[in-house]
Amino acid sequence: MRLSPRFSLVAAAGLAAWLGACQLDKDQKPARPVIHFSLSAATQALGEDGQPVIPADVQTNIAGSLAMLFGTPENPQFQLLPEWKDEGFNPNWPAYPVGEDGSGEVDLAGLEADNKVYWRRQLAAIEAGQWGRVFVQDFTPDLREKWNELCAQTPEEARGDDFKKAAAELFTGYYPRLSASAELYRQHCLHCHGPEGGGDGPTAPFLNPRPRDYRHGTFKFTAVGKSVPRRTDLYRILDEGVTGTSMPSFRRFSQAQLHGLIDYVRLLSMRGMVERSLVSTFGEEEMLTSGDVADAYLTVWEKWKKADEKALMFEGEVPLPTPESIARGRELFMDAKAGNCFSCHGPEGRGDGVAAFALDPETGKLKPTYKDDWGNEILPRNLRIGIFRGGRRPIDLYRRIKNGIAGGPMPEAASTLTSDDIWHLVHYVGSISERPQHAHKVASHGDEHGQSSSHGETPASGDGHGTEKH
Amino acid sequence: MRYLFTLLLFLVPALGVWTFVEADRWQLWFPQNVSSFGGEIDRLFNIIMYMVAFTFIVTEVCLAWFVFKYSAKNETKGAFTHGSHKLEMVWTAIPAVALLFIAFIQMRTWADIKFEGNFPKDGEYTREKPIAEVWASQFDWRIRYPGDDGVLGTVDDLERSWEFVVPVDTKIVFNLRTRDVIHSFFVPEFRLKQDALPGHTIPMWFEAKKEGIYDLICAELCGWGHYKMSGRVTVVSKEEFAKRMSEIKAEWFSNGKELGE
Ligand SMILES: [Cu+2]
């Protein structure tokens, strides 16, 4: 028996192709489309005459200014203003995280413990001297670069304790550069939030609610009301996710990586704000100067620097719900002059208040009255299902009721309401969203109460109930 | 040529057995087992693996031998046969017995792990008083602890995303739920896997014997983001657990100021 010539030919060709592919794989990185920042649809809008409202040369001017101030997706970078140099403020790595000069916001030493957990496999491999097992993911390109550099400097046989120490420090002290965070953003955030943070990535049309558009500088679930968010607010969103939406928790990444993502989200948000500001300046003055650009950049940065001052805190201990507080909360909820919550959230908190819906004359059906800043139709939250996007903690609800929701129809609480009143409302909302902890008939809904009382009681009180019957 | 083919066919079972023998050394075998019942699962796995291995080796060796013995070189004509009733009985009966054997030996283990009647009754956590509720959703895990009153679904519940903190050497009973589609709670180190079904509250239990950080993986294709639906089960000492719970509680009842949030 011998192999047919045709078979040999095919086999040889297949083998050659396979070897070739292996070789290609080694030499070439897989092709990836290059991503650019583009101007927003609003900036590029056409007027009634079919011509762009903002002339093409001005658009080019704006795009150029933005590229100068914020760099490109491949190489994002804040422009450093001369006056900042004197102040010792550098918005870019490495001075941005809390450094020796105290100019930044992130405590690098505080991230070390988390880095030790996140990179535990790599650190164990370094400790054991198994260099081949030190795997660095492709979304930390800066770390990979440094690791490869370190390896290239020291041949394997010369790697002693000093090398191990230096290698471990690479991982425990890791804080991503903006460009590495941009890479992480491209892999995990861009498909929803879009390259410019416009909330218009390829998967965005399938989502309800739609992903956040960062470019207004408005973020709904923060502690700062209508102001731009603090780093802490953004961190909490990444850490906990937004329940009831498509935004998951990203705690799988290290704290340093999450802070890096915040750096990049802030860059995108500031870029969007500067763009909007330039567009409106052009609308007023019919021209743009380099002074306008610098002004816009500085104004936006000042806002972000001051975000921390705007946070709503509560002095003292968070009060616990009592039956009286819950009952008072219900009164405020139903009082048009106080909370006026029922008008949108409905008398039972089911999100079906009359003010939230209007009759659509065309279809003859009800449709939501309100839209948010981005033009999405907004339904009031159903308070009975226990899903609160901004968080379920008492302080989260307190902030939501007191500050309202930036960019949405939920208003600030009336100034006549005291902080005690707000807490009453928080307790009432809590009481209708969960099984009652206190077996008091506070909400006037017998059916709800009857349904849940058998589960709501602790085993001890259940026993008491039994003996009463006997 | 027939020597070559016979050799190649002999190599299949030989290489197969060799990879299994070497797998542990290359760290390709199971991750360490840290749960109380994981050893049972591994034992069952090994029994089934040895049964399969025996069958595999016997059939592969026969195949190689037949290729050698009945090679076309002999130029004998193949005999035509309608089959053998006896043989068919044998190769139906043997697998049937094997399957029944497997079905019987796993019963005890399955019942211990999955039957509610066999859940821990005397420990700190029971079916009535679970340690937490684990919520799966596209694409993350949220853990809901019952808070001070020990009852889930009340206002003092504490919630934390992604990380399920449990004490070591304690029988942990918890409920598994999902907000949207089917997910699956899988911790390889615990040898524990359970689908989460919409509308169902599924009780589960385990006891971790070793402190550490273990990956919690969604083992049911649940949508485009399934690949990144990971979480973590952190097994800590009892003192550390109390500390972690008080931290979670402090964060929950934070007034925003103390924690600088
Ligand atoms: Cu899943």
# chains A, B, ... in the order shown; residues from 1 in each chain; ligands from 1
$ interface_residues --of "chain B" --to "chain A" --cutoff "9 Å" --atoms "only C-alpha atoms" --output "number ranges by chain"
B: 1, 128, 137-142, 149-156, 158-163, 179, 213, 228-232, 251-257, 260-261
$ residues_around --residues "Thr416 (chain A)" --least-positions-apart "5" --cutoff "12 Å" --atoms "only C-alpha atoms" --output "list in words"
Leu332, Lys337, Ala338, Gly339, Lys402, Asp421 and Ile422 of chain A
$ write_last_selection --atoms "all heavy atoms" --output "mmCIF file, in the first residue's frame"
data_model
loop_
_atom_site.group_PDB
_atom_site.id
_atom_site.type_symbol
_atom_site.label_atom_id
_atom_site.label_comp_id
_atom_site.auth_asym_id
_atom_site.auth_seq_id
_atom_site.Cartn_x
_atom_site.Cartn_y
_atom_site.Cartn_z
ATOM 1 N N LEU A 332 -45.767 62.171 54.342
ATOM 2 C CA LEU A 332 -44.996 63.080 53.490
ATOM 3 C C LEU A 332 -45.052 62.633 52.036
ATOM 4 O O LEU A 332 -45.133 63.441 51.121
ATOM 5 C CB LEU A 332 -43.534 63.122 53.955
ATOM 6 C CG LEU A 332 -43.289 63.744 55.326
ATOM 7 C CD1 LEU A 332 -41.895 63.402 55.820
ATOM 8 C CD2 LEU A 332 -43.461 65.261 55.256
ATOM 9 N N LYS A 337 -47.773 69.012 49.117
ATOM 10 C CA LYS A 337 -46.967 70.181 49.469
ATOM 11 C C LYS A 337 -45.632 69.787 50.090
ATOM 12 O O LYS A 337 -44.753 70.608 50.251
ATOM 13 C CB LYS A 337 -47.743 71.071 50.445
ATOM 14 C CG LYS A 337 -48.930 71.763 49.806
ATOM 15 C CD LYS A 337 -49.326 72.988 50.611
ATOM 16 C CE LYS A 337 -50.566 73.642 50.036
ATOM 17 N NZ LYS A 337 -51.787 72.807 50.241
ATOM 18 N N ALA A 338 -45.502 68.526 50.477
ATOM 19 C CA ALA A 338 -44.254 68.100 51.114
ATOM 20 C C ALA A 338 -43.433 67.237 50.154
ATOM 21 O O ALA A 338 -42.705 67.747 49.313
ATOM 22 C CB ALA A 338 -44.557 67.341 52.402
ATOM 23 N N GLY A 339 -43.580 65.938 50.249
ATOM 24 C CA GLY A 339 -42.811 65.056 49.387
ATOM 25 C C GLY A 339 -43.363 65.047 47.975
ATOM 26 O O GLY A 339 -42.628 65.095 46.995
ATOM 27 N N LYS A 402 -33.032 63.657 48.551
ATOM 28 C CA LYS A 402 -32.630 65.037 48.853
ATOM 29 C C LYS A 402 -32.142 65.756 47.599
ATOM 30 O O LYS A 402 -32.543 66.891 47.329
ATOM 31 C CB LYS A 402 -31.512 64.999 49.902
ATOM 32 C CG LYS A 402 -30.924 66.336 50.239
ATOM 33 C CD LYS A 402 -31.593 66.950 51.448
ATOM 34 C CE LYS A 402 -30.907 68.265 51.808
ATOM 35 N NZ LYS A 402 -31.858 69.253 52.304
ATOM 36 N N ASP A 421 -37.282 64.655 57.916
ATOM 37 C CA ASP A 421 -38.350 64.319 56.961
ATOM 38 C C ASP A 421 -37.827 63.391 55.870
ATOM 39 O O ASP A 421 -38.484 62.428 55.477
ATOM 40 C CB ASP A 421 -38.909 65.592 56.315
ATOM 41 C CG ASP A 421 -39.712 66.429 57.308
ATOM 42 O OD1 ASP A 421 -40.173 65.842 58.313
ATOM 43 O OD2 ASP A 421 -39.856 67.633 57.069
ATOM 44 N N ILE A 422 -36.613 63.720 55.384
ATOM 45 C CA ILE A 422 -36.031 62.884 54.327
ATOM 46 C C ILE A 422 -35.854 61.458 54.847
ATOM 47 O O ILE A 422 -36.154 60.484 54.152
ATOM 48 C CB ILE A 422 -34.676 63.449 53.860
ATOM 49 C CG1 ILE A 422 -34.795 64.923 53.480
ATOM 50 C CG2 ILE A 422 -34.117 62.627 52.703
ATOM 51 C CD1 ILE A 422 -35.269 65.226 52.121
#
$ residues_near_ligand --ligand "ligand 1" --cutoff "10 Å" --atoms "only C-alpha atoms and all ligand atoms" --output "list in words"
Ala136, Ser137, Gln138, Phe139, Asp140, Trp141, Thr178, Asp180, Val181, Ile182, His183, Ser184, Phe185, Asp195, Ala196, Ile217, Cys218, Ala219, Glu220, Leu221, Cys222, Gly223, Trp224, Gly225, His226, Tyr227, Lys228, Met229 and Ser230 of chain B
$ residues_around --residues "region 16-29 of chain B" --least-positions-apart "3" --cutoff "10 Å" --atoms "only C-alpha atoms" --output "JSON, numbers by chain"
{"B": [11, 12, 13, 32, 53, 56, 57]}
$ write_last_selection --atoms "all heavy atoms" --output "PDB file, in the first residue's frame"
ATOM      1  N   LEU B  11      -0.182   3.418  20.131  1.00  0.00           N
ATOM      2  CA  LEU B  11       0.236   4.670  20.770  1.00  0.00           C
ATOM      3  C   LEU B  11      -0.942   5.429  21.379  1.00  0.00           C
ATOM      4  O   LEU B  11      -0.787   6.138  22.363  1.00  0.00           O
ATOM      5  CB  LEU B  11       0.941   5.565  19.752  1.00  0.00           C
ATOM      6  CG  LEU B  11       2.438   5.325  19.584  1.00  0.00           C
ATOM      7  CD1 LEU B  11       2.986   6.248  18.509  1.00  0.00           C
ATOM      8  CD2 LEU B  11       3.175   5.542  20.898  1.00  0.00           C
ATOM      9  N   VAL B  12      -2.146   5.268  20.787  1.00  0.00           N
ATOM     10  CA  VAL B  12      -3.308   6.032  21.271  1.00  0.00           C
ATOM     11  C   VAL B  12      -3.594   5.737  22.747  1.00  0.00           C
ATOM     12  O   VAL B  12      -3.591   6.664  23.564  1.00  0.00           O
ATOM     13  CB  VAL B  12      -4.547   5.785  20.381  1.00  0.00           C
ATOM     14  CG1 VAL B  12      -5.772   6.455  20.981  1.00  0.00           C
ATOM     15  CG2 VAL B  12      -4.286   6.307  18.980  1.00  0.00           C
ATOM     16  N   PRO B  13      -3.789   4.444  23.132  1.00  0.00           N
ATOM     17  CA  PRO B  13      -4.018   4.205  24.566  1.00  0.00           C
ATOM     18  C   PRO B  13      -2.785   4.512  25.415  1.00  0.00           C
ATOM     19  O   PRO B  13      -2.913   5.008  26.529  1.00  0.00           O
ATOM     20  CB  PRO B  13      -4.364   2.712  24.632  1.00  0.00           C
ATOM     21  CG  PRO B  13      -3.824   2.123  23.393  1.00  0.00           C
ATOM     22  CD  PRO B  13      -3.885   3.198  22.353  1.00  0.00           C
ATOM     23  N   GLN B  32      -7.137  22.099  43.668  1.00  0.00           N
ATOM     24  CA  GLN B  32      -7.231  21.475  44.992  1.00  0.00           C
ATOM     25  C   GLN B  32      -8.686  21.443  45.463  1.00  0.00           C
ATOM     26  O   GLN B  32      -9.501  22.283  45.095  1.00  0.00           O
ATOM     27  CB  GLN B  32      -6.397  22.271  45.984  1.00  0.00           C
ATOM     28  CG  GLN B  32      -6.865  23.726  46.083  1.00  0.00           C
ATOM     29  CD  GLN B  32      -6.232  24.464  47.237  1.00  0.00           C
ATOM     30  OE1 GLN B  32      -5.845  23.871  48.217  1.00  0.00           O
ATOM     31  NE2 GLN B  32      -6.133  25.776  47.101  1.00  0.00           N
ATOM     32  N   ALA B  53     -11.456   4.167  31.578  1.00  0.00           N
ATOM     33  CA  ALA B  53     -10.077   3.919  31.149  1.00  0.00           C
ATOM     34  C   ALA B  53      -9.890   2.443  30.791  1.00  0.00           C
ATOM     35  O   ALA B  53      -9.282   2.115  29.766  1.00  0.00           O
ATOM     36  CB  ALA B  53      -9.110   4.326  32.259  1.00  0.00           C
ATOM     37  N   PHE B  56     -11.545   1.782  27.518  1.00  0.00           N
ATOM     38  CA  PHE B  56     -10.787   2.467  26.469  1.00  0.00           C
ATOM     39  C   PHE B  56      -9.544   1.663  26.090  1.00  0.00           C
ATOM     40  O   PHE B  56      -9.285   1.398  24.910  1.00  0.00           O
ATOM     41  CB  PHE B  56     -10.408   3.856  26.984  1.00  0.00           C
ATOM     42  CG  PHE B  56      -9.526   4.654  26.063  1.00  0.00           C
ATOM     43  CD1 PHE B  56     -10.026   5.158  24.870  1.00  0.00           C
ATOM     44  CD2 PHE B  56      -8.204   4.927  26.401  1.00  0.00           C
ATOM     45  CE1 PHE B  56      -9.226   5.897  24.029  1.00  0.00           C
ATOM     46  CE2 PHE B  56      -7.393   5.663  25.555  1.00  0.00           C
ATOM     47  CZ  PHE B  56      -7.913   6.152  24.368  1.00  0.00           C
ATOM     48  N   ILE B  57      -8.811   1.226  27.121  1.00  0.00           N
ATOM     49  CA  ILE B  57      -7.567   0.507  26.839  1.00  0.00           C
ATOM     50  C   ILE B  57      -7.861  -0.831  26.161  1.00  0.00           C
ATOM     51  O   ILE B  57      -7.243  -1.184  25.148  1.00  0.00           O
ATOM     52  CB  ILE B  57      -6.759   0.298  28.143  1.00  0.00           C
ATOM     53  CG1 ILE B  57      -6.266   1.660  28.641  1.00  0.00           C
ATOM     54  CG2 ILE B  57      -5.573  -0.630  27.907  1.00  0.00           C
ATOM     55  CD1 ILE B  57      -5.764   1.629  30.061  1.00  0.00           C
TER      56      ILE B  57
END
$ residues_around --residues "Glu239 (chain B)" --least-positions-apart "4" --cutoff "9 Å" --atoms "only C-alpha atoms" --output "ChimeraX atom specification"
/B:167,243-244
$ write_last_selection --atoms "N, CA and C atoms" --output "PDB file, in the first residue's frame"
ATOM      1  N   PRO B 167     -17.177  31.998  56.497  1.00  0.00           N
ATOM      2  CA  PRO B 167     -16.211  31.511  57.480  1.00  0.00           C
ATOM      3  C   PRO B 167     -15.762  30.089  57.155  1.00  0.00           C
ATOM      4  N   LYS B 243     -15.298  40.349  61.380  1.00  0.00           N
ATOM      5  CA  LYS B 243     -14.751  41.663  61.055  1.00  0.00           C
ATOM      6  C   LYS B 243     -15.262  42.132  59.694  1.00  0.00           C
ATOM      7  N   ARG B 244     -15.235  41.214  58.713  1.00  0.00           N
ATOM      8  CA  ARG B 244     -15.698  41.584  57.371  1.00  0.00           C
ATOM      9  C   ARG B 244     -17.170  41.966  57.380  1.00  0.00           C
TER      10      ARG B 244
END
